[in-house]
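> File work-v2.tsv follows (TSV, N, CA and C atoms):
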```tsv
chain	number	residue	atom	x	y	z
A	27	MET	N	-9.96	-19.46	51.97
A	27	MET	CA	-8.68	-19.60	51.33
A	27	MET	C	-7.61	-19.03	52.25
A	28	SER	N	-6.49	-19.74	52.34
A	28	SER	CA	-5.43	-19.30	53.23
A	28	SER	C	-4.67	-18.12	52.61
A	29	ALA	N	-3.87	-17.47	53.45
A	29	ALA	CA	-3.08	-16.33	52.99
A	29	ALA	C	-2.11	-16.77	51.90
A	30	VAL	N	-1.55	-17.97	52.04
A	30	VAL	CA	-0.62	-18.48	51.03
A	30	VAL	C	-1.35	-18.71	49.71
A	31	GLN	N	-2.54	-19.29	49.78
A	31	GLN	CA	-3.33	-19.51	48.56
A	31	GLN	C	-3.70	-18.18	47.90
A	32	ASN	N	-4.08	-17.20	48.73
A	32	ASN	CA	-4.40	-15.88	48.19
A	32	ASN	C	-3.19	-15.27	47.49
A	33	GLU	N	-2.03	-15.40	48.12
A	33	GLU	CA	-0.81	-14.84	47.54
A	33	GLU	C	-0.48	-15.53	46.21
A	34	LEU	N	-0.62	-16.87	46.19
A	34	LEU	CA	-0.36	-17.61	44.96
A	34	LEU	C	-1.36	-17.23	43.86
A	35	THR	N	-2.62	-17.08	44.25
A	35	THR	CA	-3.65	-16.68	43.29
A	35	THR	C	-3.35	-15.30	42.73
A	36	ASP	N	-2.94	-14.38	43.59
A	36	ASP	CA	-2.58	-13.03	43.14
A	36	ASP	C	-1.39	-13.08	42.19
A	37	GLN	N	-0.40	-13.91	42.52
A	37	GLN	CA	0.79	-14.04	41.67
A	37	GLN	C	0.41	-14.59	40.30
A	38	VAL	N	-0.42	-15.63	40.28
A	38	VAL	CA	-0.86	-16.22	39.01
A	38	VAL	C	-1.64	-15.19	38.21
A	39	ARG	N	-2.51	-14.44	38.88
A	39	ARG	CA	-3.30	-13.41	38.19
A	39	ARG	C	-2.38	-12.36	37.54
A	40	LEU	N	-1.37	-11.92	38.28
A	40	LEU	CA	-0.42	-10.95	37.73
A	40	LEU	C	0.35	-11.53	36.54
A	41	GLU	N	0.77	-12.79	36.66
A	41	GLU	CA	1.48	-13.43	35.56
A	41	GLU	C	0.58	-13.56	34.33
A	42	MET	N	-0.68	-13.91	34.53
A	42	MET	CA	-1.61	-14.04	33.41
A	42	MET	C	-1.87	-12.69	32.75
A	43	GLU	N	-1.99	-11.66	33.54
A	43	GLU	CA	-2.18	-10.32	32.97
A	43	GLU	C	-0.97	-9.91	32.15
A	44	GLU	N	0.22	-10.19	32.65
A	44	GLU	CA	1.45	-9.87	31.91
A	44	GLU	C	1.54	-10.72	30.65
A	45	LEU	N	1.16	-11.99	30.76
A	45	LEU	CA	1.18	-12.88	29.60
A	45	LEU	C	0.28	-12.33	28.49
A	46	VAL	N	-0.92	-11.91	28.85
A	46	VAL	CA	-1.84	-11.38	27.85
A	46	VAL	C	-1.34	-10.06	27.28
A	47	SER	N	-0.90	-9.14	28.14
A	47	SER	CA	-0.52	-7.82	27.66
A	47	SER	C	0.80	-7.84	26.90
A	48	ASN	N	1.66	-8.80	27.15
A	48	ASN	CA	2.97	-8.83	26.52
A	48	ASN	C	3.04	-9.92	25.45
A	49	MET	N	3.06	-11.13	25.85
A	49	MET	CA	3.27	-12.24	24.92
A	49	MET	C	2.10	-12.45	23.97
A	50	CYS	N	0.90	-12.53	24.52
A	50	CYS	CA	-0.25	-12.82	23.65
A	50	CYS	C	-0.46	-11.73	22.62
A	51	MET	N	-0.21	-10.50	22.98
A	51	MET	CA	-0.33	-9.41	22.00
A	51	MET	C	0.66	-9.63	20.87
A	52	ALA	N	1.86	-10.05	21.19
A	52	ALA	CA	2.88	-10.28	20.17
A	52	ALA	C	2.51	-11.48	19.29
A	53	LEU	N	1.83	-12.45	19.85
A	53	LEU	CA	1.50	-13.67	19.11
A	53	LEU	C	0.14	-13.59	18.43
A	54	ASN	N	-0.54	-12.47	18.59
A	54	ASN	CA	-1.90	-12.33	18.09
A	54	ASN	C	-1.94	-11.91	16.62
A	55	ASP	N	-1.10	-12.51	15.82
A	55	ASP	CA	-1.09	-12.21	14.39
A	55	ASP	C	-0.48	-13.41	13.67
A	56	PRO	N	-1.18	-13.96	12.69
A	56	PRO	CA	-0.65	-15.14	11.99
A	56	PRO	C	0.71	-14.90	11.33
A	57	LYS	N	0.95	-13.70	10.85
A	57	LYS	CA	2.24	-13.42	10.20
A	57	LYS	C	3.36	-13.44	11.22
A	58	ARG	N	3.11	-12.94	12.43
A	58	ARG	CA	4.15	-13.00	13.47
A	58	ARG	C	4.41	-14.45	13.87
A	59	LEU	N	3.37	-15.26	13.91
A	59	LEU	CA	3.57	-16.68	14.21
A	59	LEU	C	4.39	-17.34	13.12
A	60	MET	N	4.18	-16.94	11.88
A	60	MET	CA	4.97	-17.49	10.78
A	60	MET	C	6.42	-17.03	10.88
A	61	VAL	N	6.65	-15.79	11.31
A	61	VAL	CA	8.02	-15.31	11.51
A	61	VAL	C	8.70	-16.16	12.59
A	62	ILE	N	7.99	-16.44	13.66
A	62	ILE	CA	8.54	-17.29	14.73
A	62	ILE	C	8.86	-18.67	14.17
A	63	TRP	N	7.96	-19.21	13.38
A	63	TRP	CA	8.19	-20.52	12.75
A	63	TRP	C	9.44	-20.48	11.88
A	64	ALA	N	9.59	-19.43	11.08
A	64	ALA	CA	10.76	-19.30	10.21
A	64	ALA	C	12.05	-19.26	11.03
A	65	LEU	N	12.02	-18.56	12.15
A	65	LEU	CA	13.21	-18.43	12.99
A	65	LEU	C	13.52	-19.69	13.78
A	66	SER	N	12.62	-20.66	13.75
A	66	SER	CA	12.87	-21.90	14.50
A	66	SER	C	14.07	-22.66	13.92
A	67	ASN	N	14.45	-22.35	12.69
A	67	ASN	CA	15.61	-23.00	12.06
A	67	ASN	C	16.91	-22.27	12.29
A	68	GLY	N	16.87	-21.16	13.01
A	68	GLY	CA	18.09	-20.42	13.31
A	68	GLY	C	18.02	-18.99	12.83
A	69	ALA	N	19.13	-18.29	12.96
A	69	ALA	CA	19.20	-16.86	12.66
A	69	ALA	C	18.90	-16.59	11.19
A	70	MET	N	18.15	-15.52	10.97
A	70	MET	CA	17.80	-15.10	9.60
A	70	MET	C	17.75	-13.59	9.54
A	71	SER	N	18.06	-13.07	8.35
A	71	SER	CA	17.91	-11.64	8.11
A	71	SER	C	16.47	-11.35	7.68
A	72	VAL	N	16.11	-10.08	7.67
A	72	VAL	CA	14.77	-9.69	7.22
A	72	VAL	C	14.53	-10.20	5.81
A	73	GLY	N	15.52	-10.04	4.94
A	73	GLY	CA	15.37	-10.50	3.56
A	73	GLY	C	15.14	-11.99	3.46
A	74	GLU	N	15.85	-12.76	4.27
A	74	GLU	CA	15.68	-14.22	4.26
A	74	GLU	C	14.29	-14.61	4.76
A	75	ILE	N	13.84	-13.95	5.81
A	75	ILE	CA	12.49	-14.24	6.33
A	75	ILE	C	11.46	-13.86	5.29
A	76	SER	N	11.65	-12.71	4.68
A	76	SER	CA	10.72	-12.23	3.66
A	76	SER	C	10.61	-13.23	2.51
A	77	THR	N	11.74	-13.73	2.05
A	77	THR	CA	11.75	-14.72	0.96
A	77	THR	C	11.11	-16.02	1.39
A	78	THR	N	11.45	-16.49	2.59
A	78	THR	CA	10.90	-17.74	3.10
A	78	THR	C	9.38	-17.69	3.21
A	79	LEU	N	8.86	-16.57	3.68
A	79	LEU	CA	7.42	-16.47	3.93
A	79	LEU	C	6.65	-15.84	2.78
A	80	GLY	N	7.36	-15.30	1.80
A	80	GLY	CA	6.69	-14.65	0.68
A	80	GLY	C	5.96	-13.38	1.09
A	81	LEU	N	6.57	-12.65	2.02
A	81	LEU	CA	5.99	-11.40	2.52
A	81	LEU	C	6.90	-10.24	2.16
A	82	PRO	N	6.35	-9.04	2.00
A	82	PRO	CA	7.19	-7.87	1.74
A	82	PRO	C	8.14	-7.61	2.92
A	83	GLN	N	9.37	-7.17	2.61
A	83	GLN	CA	10.35	-6.90	3.66
A	83	GLN	C	9.84	-5.88	4.67
A	84	ALA	N	9.15	-4.86	4.20
A	84	ALA	CA	8.64	-3.83	5.12
A	84	ALA	C	7.67	-4.44	6.12
A	85	ASN	N	6.85	-5.36	5.66
A	85	ASN	CA	5.88	-6.02	6.54
A	85	ASN	C	6.60	-6.88	7.56
A	86	VAL	N	7.60	-7.65	7.10
A	86	VAL	CA	8.38	-8.50	8.00
A	86	VAL	C	9.09	-7.64	9.04
A	87	SER	N	9.65	-6.51	8.62
A	87	SER	CA	10.34	-5.61	9.55
A	87	SER	C	9.40	-5.11	10.64
A	88	GLN	N	8.18	-4.78	10.26
A	88	GLN	CA	7.20	-4.31	11.26
A	88	GLN	C	6.91	-5.40	12.27
A	89	HIS	N	6.72	-6.62	11.79
A	89	HIS	CA	6.42	-7.72	12.71
A	89	HIS	C	7.62	-8.04	13.60
A	90	LEU	N	8.81	-7.99	13.05
A	90	LEU	CA	10.01	-8.22	13.86
A	90	LEU	C	10.18	-7.14	14.93
A	91	ALA	N	9.82	-5.91	14.60
A	91	ALA	CA	9.92	-4.82	15.59
A	91	ALA	C	9.01	-5.11	16.78
A	92	ILE	N	7.82	-5.60	16.51
A	92	ILE	CA	6.89	-5.93	17.60
A	92	ILE	C	7.46	-7.08	18.43
A	93	LEU	N	7.93	-8.13	17.75
A	93	LEU	CA	8.50	-9.28	18.46
A	93	LEU	C	9.72	-8.87	19.28
A	94	ARG	N	10.50	-7.95	18.76
A	94	ARG	CA	11.69	-7.48	19.48
A	94	ARG	C	11.28	-6.65	20.70
A	95	THR	N	10.33	-5.75	20.52
A	95	THR	CA	9.85	-4.91	21.62
A	95	THR	C	9.29	-5.77	22.75
A	96	ARG	N	8.63	-6.85	22.40
A	96	ARG	CA	8.03	-7.74	23.39
A	96	ARG	C	9.01	-8.76	23.96
A	97	GLY	N	10.27	-8.69	23.51
A	97	GLY	CA	11.31	-9.54	24.07
A	97	GLY	C	11.35	-10.95	23.55
A	98	LEU	N	10.79	-11.19	22.37
A	98	LEU	CA	10.74	-12.55	21.86
A	98	LEU	C	11.83	-12.87	20.85
A	99	VAL	N	12.46	-11.84	20.28
A	99	VAL	CA	13.58	-12.07	19.36
A	99	VAL	C	14.77	-11.22	19.76
A	100	ASP	N	15.94	-11.70	19.42
A	100	ASP	CA	17.20	-10.98	19.62
A	100	ASP	C	17.76	-10.63	18.25
A	101	THR	N	18.66	-9.66	18.24
A	101	THR	CA	19.31	-9.26	16.99
A	101	THR	C	20.81	-9.32	17.14
A	102	GLU	N	21.47	-9.54	16.00
A	102	GLU	CA	22.93	-9.49	15.95
A	102	GLU	C	23.32	-8.92	14.59
A	103	ARG	N	24.14	-7.89	14.64
A	103	ARG	CA	24.61	-7.27	13.39
A	103	ARG	C	25.83	-8.02	12.89
A	104	LYS	N	25.80	-8.36	11.60
A	104	LYS	CA	26.94	-8.97	10.92
A	104	LYS	C	27.15	-8.20	9.63
A	105	GLY	N	28.16	-7.35	9.63
A	105	GLY	CA	28.38	-6.48	8.47
A	105	GLY	C	27.25	-5.49	8.33
A	106	ASN	N	26.64	-5.46	7.16
A	106	ASN	CA	25.52	-4.55	6.92
A	106	ASN	C	24.16	-5.16	7.24
A	107	SER	N	24.16	-6.43	7.64
A	107	SER	CA	22.90	-7.13	7.88
A	107	SER	C	22.64	-7.32	9.38
A	108	ILE	N	21.37	-7.37	9.70
A	108	ILE	CA	20.94	-7.68	11.06
A	108	ILE	C	20.26	-9.04	11.00
A	109	PHE	N	20.70	-9.93	11.87
A	109	PHE	CA	20.12	-11.27	11.93
A	109	PHE	C	19.28	-11.40	13.19
A	110	TYR	N	18.14	-12.04	13.04
A	110	TYR	CA	17.19	-12.22	14.13
A	110	TYR	C	17.20	-13.68	14.56
A	111	THR	N	17.10	-13.88	15.87
A	111	THR	CA	16.97	-15.22	16.44
A	111	THR	C	15.87	-15.19	17.50
A	112	LEU	N	15.33	-16.35	17.76
A	112	LEU	CA	14.35	-16.46	18.84
A	112	LEU	C	15.07	-16.39	20.18
A	113	ARG	N	14.60	-15.53	21.05
A	113	ARG	CA	15.19	-15.46	22.39
A	113	ARG	C	14.82	-16.71	23.19
A	114	TYR	N	13.63	-17.23	22.94
A	114	TYR	CA	13.14	-18.41	23.65
A	114	TYR	C	12.70	-19.45	22.63
A	115	PRO	N	13.63	-20.31	22.18
A	115	PRO	CA	13.27	-21.30	21.17
A	115	PRO	C	12.10	-22.20	21.55
A	116	ARG	N	11.87	-22.40	22.85
A	116	ARG	CA	10.74	-23.25	23.24
A	116	ARG	C	9.40	-22.60	22.92
A	117	LEU	N	9.43	-21.34	22.53
A	117	LEU	CA	8.20	-20.69	22.08
A	117	LEU	C	7.59	-21.45	20.91
A	118	VAL	N	8.44	-22.02	20.06
A	118	VAL	CA	7.96	-22.81	18.92
A	118	VAL	C	7.17	-24.01	19.44
A	119	GLU	N	7.66	-24.64	20.51
A	119	GLU	CA	6.96	-25.78	21.11
A	119	GLU	C	5.58	-25.34	21.62
A	120	ALA	N	5.52	-24.18	22.24
A	120	ALA	CA	4.24	-23.68	22.75
A	120	ALA	C	3.26	-23.43	21.60
A	121	VAL	N	3.75	-22.83	20.52
A	121	VAL	CA	2.89	-22.58	19.36
A	121	VAL	C	2.45	-23.92	18.76
A	122	ASP	N	3.36	-24.88	18.67
A	122	ASP	CA	2.99	-26.20	18.14
A	122	ASP	C	1.96	-26.89	19.02
A	123	MET	N	2.08	-26.71	20.34
A	123	MET	CA	1.07	-27.28	21.25
A	123	MET	C	-0.30	-26.65	20.98
A	124	LEU	N	-0.33	-25.34	20.80
A	124	LEU	CA	-1.59	-24.67	20.50
A	124	LEU	C	-2.15	-25.12	19.16
A	125	ARG	N	-1.27	-25.34	18.17
A	125	ARG	CA	-1.73	-25.86	16.88
A	125	ARG	C	-2.36	-27.24	17.06
A	126	GLY	N	-1.77	-28.07	17.92
A	126	GLY	CA	-2.32	-29.39	18.20
A	126	GLY	C	-3.70	-29.29	18.84
A	127	VAL	N	-3.85	-28.38	19.78
A	127	VAL	CA	-5.16	-28.17	20.42
A	127	VAL	C	-6.17	-27.72	19.37
A	128	LEU	N	-5.75	-26.82	18.48
A	128	LEU	CA	-6.64	-26.35	17.42
A	128	LEU	C	-7.07	-27.51	16.52
A	129	ARG	N	-6.13	-28.36	16.11
A	129	ARG	CA	-6.48	-29.51	15.27
A	129	ARG	C	-7.47	-30.42	15.97
A	130	GLU	N	-7.25	-30.67	17.27
A	130	GLU	CA	-8.18	-31.51	18.03
A	130	GLU	C	-9.56	-30.88	18.09
A	131	GLU	N	-9.61	-29.56	18.29
A	131	GLU	CA	-10.90	-28.87	18.36
A	131	GLU	C	-11.61	-28.92	17.01
A	132	ILE	N	-10.86	-28.74	15.94
A	132	ILE	CA	-11.48	-28.82	14.60
A	132	ILE	C	-12.03	-30.22	14.37
A	133	ALA	N	-11.26	-31.24	14.75
A	133	ALA	CA	-11.73	-32.62	14.60
A	133	ALA	C	-12.98	-32.87	15.45
A	134	ARG	N	-12.99	-32.34	16.67
A	134	ARG	CA	-14.16	-32.49	17.54
A	134	ARG	C	-15.38	-31.84	16.90
A	135	ARG	N	-15.20	-30.62	16.40
A	135	ARG	CA	-16.33	-29.93	15.77
A	135	ARG	C	-16.83	-30.66	14.54
A	136	ASN	N	-15.87	-31.16	13.74
A	136	ASN	CA	-16.26	-31.91	12.55
A	136	ASN	C	-17.01	-33.18	12.92
A	137	GLY	N	-16.59	-33.81	14.01
A	137	GLY	CA	-17.27	-34.99	14.52
A	137	GLY	C	-18.68	-34.67	14.95
A	138	LEU	N	-18.86	-33.52	15.60
A	138	LEU	CA	-20.20	-33.10	16.02
A	138	LEU	C	-21.07	-32.83	14.81
A	139	LEU	N	-20.52	-32.18	13.81
A	139	LEU	CA	-21.28	-31.86	12.60
A	139	LEU	C	-21.63	-33.13	11.84
A	140	GLY	N	-20.71	-34.09	11.83
A	140	GLY	CA	-20.95	-35.33	11.09
A	140	GLY	C	-21.93	-36.25	11.77
A	141	SER	N	-22.17	-36.06	13.07
A	141	SER	CA	-23.07	-36.95	13.80
A	141	SER	C	-24.51	-36.51	13.77
A	142	ASP	N	-24.80	-35.39	13.11
A	142	ASP	CA	-26.19	-34.91	13.02
A	142	ASP	C	-27.00	-35.72	12.05
```
Let me see the structure of the file written as structure tokens.

Amino acid sequence: MSAVQNELTDQVRLEMEELVSNMCMALNDPKRLMVIWALSNGAMSVGEISTTLGLPQANVSQHLAILRTRGLVDTERKGNSIFYTLRYPRLVEAVDMLRGVLREEIARRNGLLGSD
């Protein structure tokens, strides 16, 4: 392998490690994924997210804190309320792509089970 290939491989390895330690940790919870889904329609307060998802406000606040710490959501204060938005709206596309892969895998498995 050439020096350039080694450098590229090292760069990809570092990016993958950061992806796992930062982004994947933040996305490793179905409730946080639902919060991201809720925010795909625009800015929402904790109360609005809580109502939309049917989750306790305290629970939503905890998940938002993790998403904020990991750099996935932004906040804006309006009066007494704090509104959350997705910092990277294309994150919803990435989650939807993963959902598509999951559906395909489930269909594949069901096909294997049905062919026995």
> Write out as an MDAnalysis selection string each polymer residue whose atoms come within 7 Å of Arg58 (chain A), counting all atoms listed in the file; drop sequence neighbours fewer than 5 positions from it.
chainID A and resid 52:53 63 89:90
> For atom N of Leu98 (chain A) and atom N of Leu59 (chain A), quote the distance in Å rounded to one decimal.
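Answer for the atom N of Leu98 (chain A) to atom N of Leu59 (chain A) separation: 12.0 Å.
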> Excluding same-chain residues fewer than 5 positions from Arg113 (chain A), what lies within 7 Å of it counting all atoms listed in the file, as a PyMOL selection string?
chain A and resi 97-100
> Calculate how many Å separate CA of Leu34 (chain A) from CA of Val121 (chain A), rounding to one decimal.
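So the two atoms, CA of Leu34 (chain A) and CA of Val121 (chain A), lie 26.3 Å apart.
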> Work out how far apart atom C of Ala91 (chain A) and atom N of Val38 (chain A) are and give it in Å to one decimal.
27.4 Å
> Write out as a PDB file with N, CA and C atoms, in the coordinates of the input the residues lying within 8 Å of Leu117 (chain A), counting all atoms listed in the file and excluding same-chain residues fewer than 5 positions away.

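File written: result_25.pdb
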```pdb
ATOM      1  N   ILE A  62       7.990 -16.440  13.660  1.00  0.00           N
ATOM      2  CA  ILE A  62       8.540 -17.290  14.730  1.00  0.00           C
ATOM      3  C   ILE A  62       8.860 -18.670  14.170  1.00  0.00           C
ATOM      4  N   TRP A  63       7.960 -19.210  13.380  1.00  0.00           N
ATOM      5  CA  TRP A  63       8.190 -20.520  12.750  1.00  0.00           C
ATOM      6  C   TRP A  63       9.440 -20.480  11.880  1.00  0.00           C
ATOM      7  N   LEU A 112      15.330 -16.350  17.760  1.00  0.00           N
ATOM      8  CA  LEU A 112      14.350 -16.460  18.840  1.00  0.00           C
ATOM      9  C   LEU A 112      15.070 -16.390  20.180  1.00  0.00           C
ATOM     10  N   ASP A 122       3.360 -24.880  18.670  1.00  0.00           N
ATOM     11  CA  ASP A 122       2.990 -26.200  18.140  1.00  0.00           C
ATOM     12  C   ASP A 122       1.960 -26.890  19.020  1.00  0.00           C
ATOM     13  N   MET A 123       2.080 -26.710  20.340  1.00  0.00           N
ATOM     14  CA  MET A 123       1.070 -27.280  21.250  1.00  0.00           C
ATOM     15  C   MET A 123      -0.300 -26.650  20.980  1.00  0.00           C
TER      16      MET A 123
END
```
> Env of Asn85 (chain A): 12 Å cut, atoms = only C-alpha atoms, seq-sep filter 5 positions within chain, self excluded. Answer as a PyMOL selection string.
chain A and resi 57-58+61+72-73+75-77+79-80+90-92
> Would you give me, as a ChimeraX atom specification, the residues in chain A that DSSP reads as strand (DSSP E)?
/A:70-71,99-104,107-112
> Which residues in chain A does DSSP call helix (DSSP H, G or I)? List them as a PyMOL selection string.
chain A and resi 29-53+56-65+72-79+83-95+116-140
> Closest to Asp55 (chain A) among A:Ser71, A:Leu93, A:Thr101, A:Ala133, using only C-alpha atoms?
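Counting only C-alpha atoms, the residue closest to Asp55 (chain A) is A:Leu93.
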> So, counting only N, CA and C atoms, which residue among A:Arg96, A:Thr35, A:Glu74, A:Ser87 is closest to Asn48 (chain A)?
A:Arg96
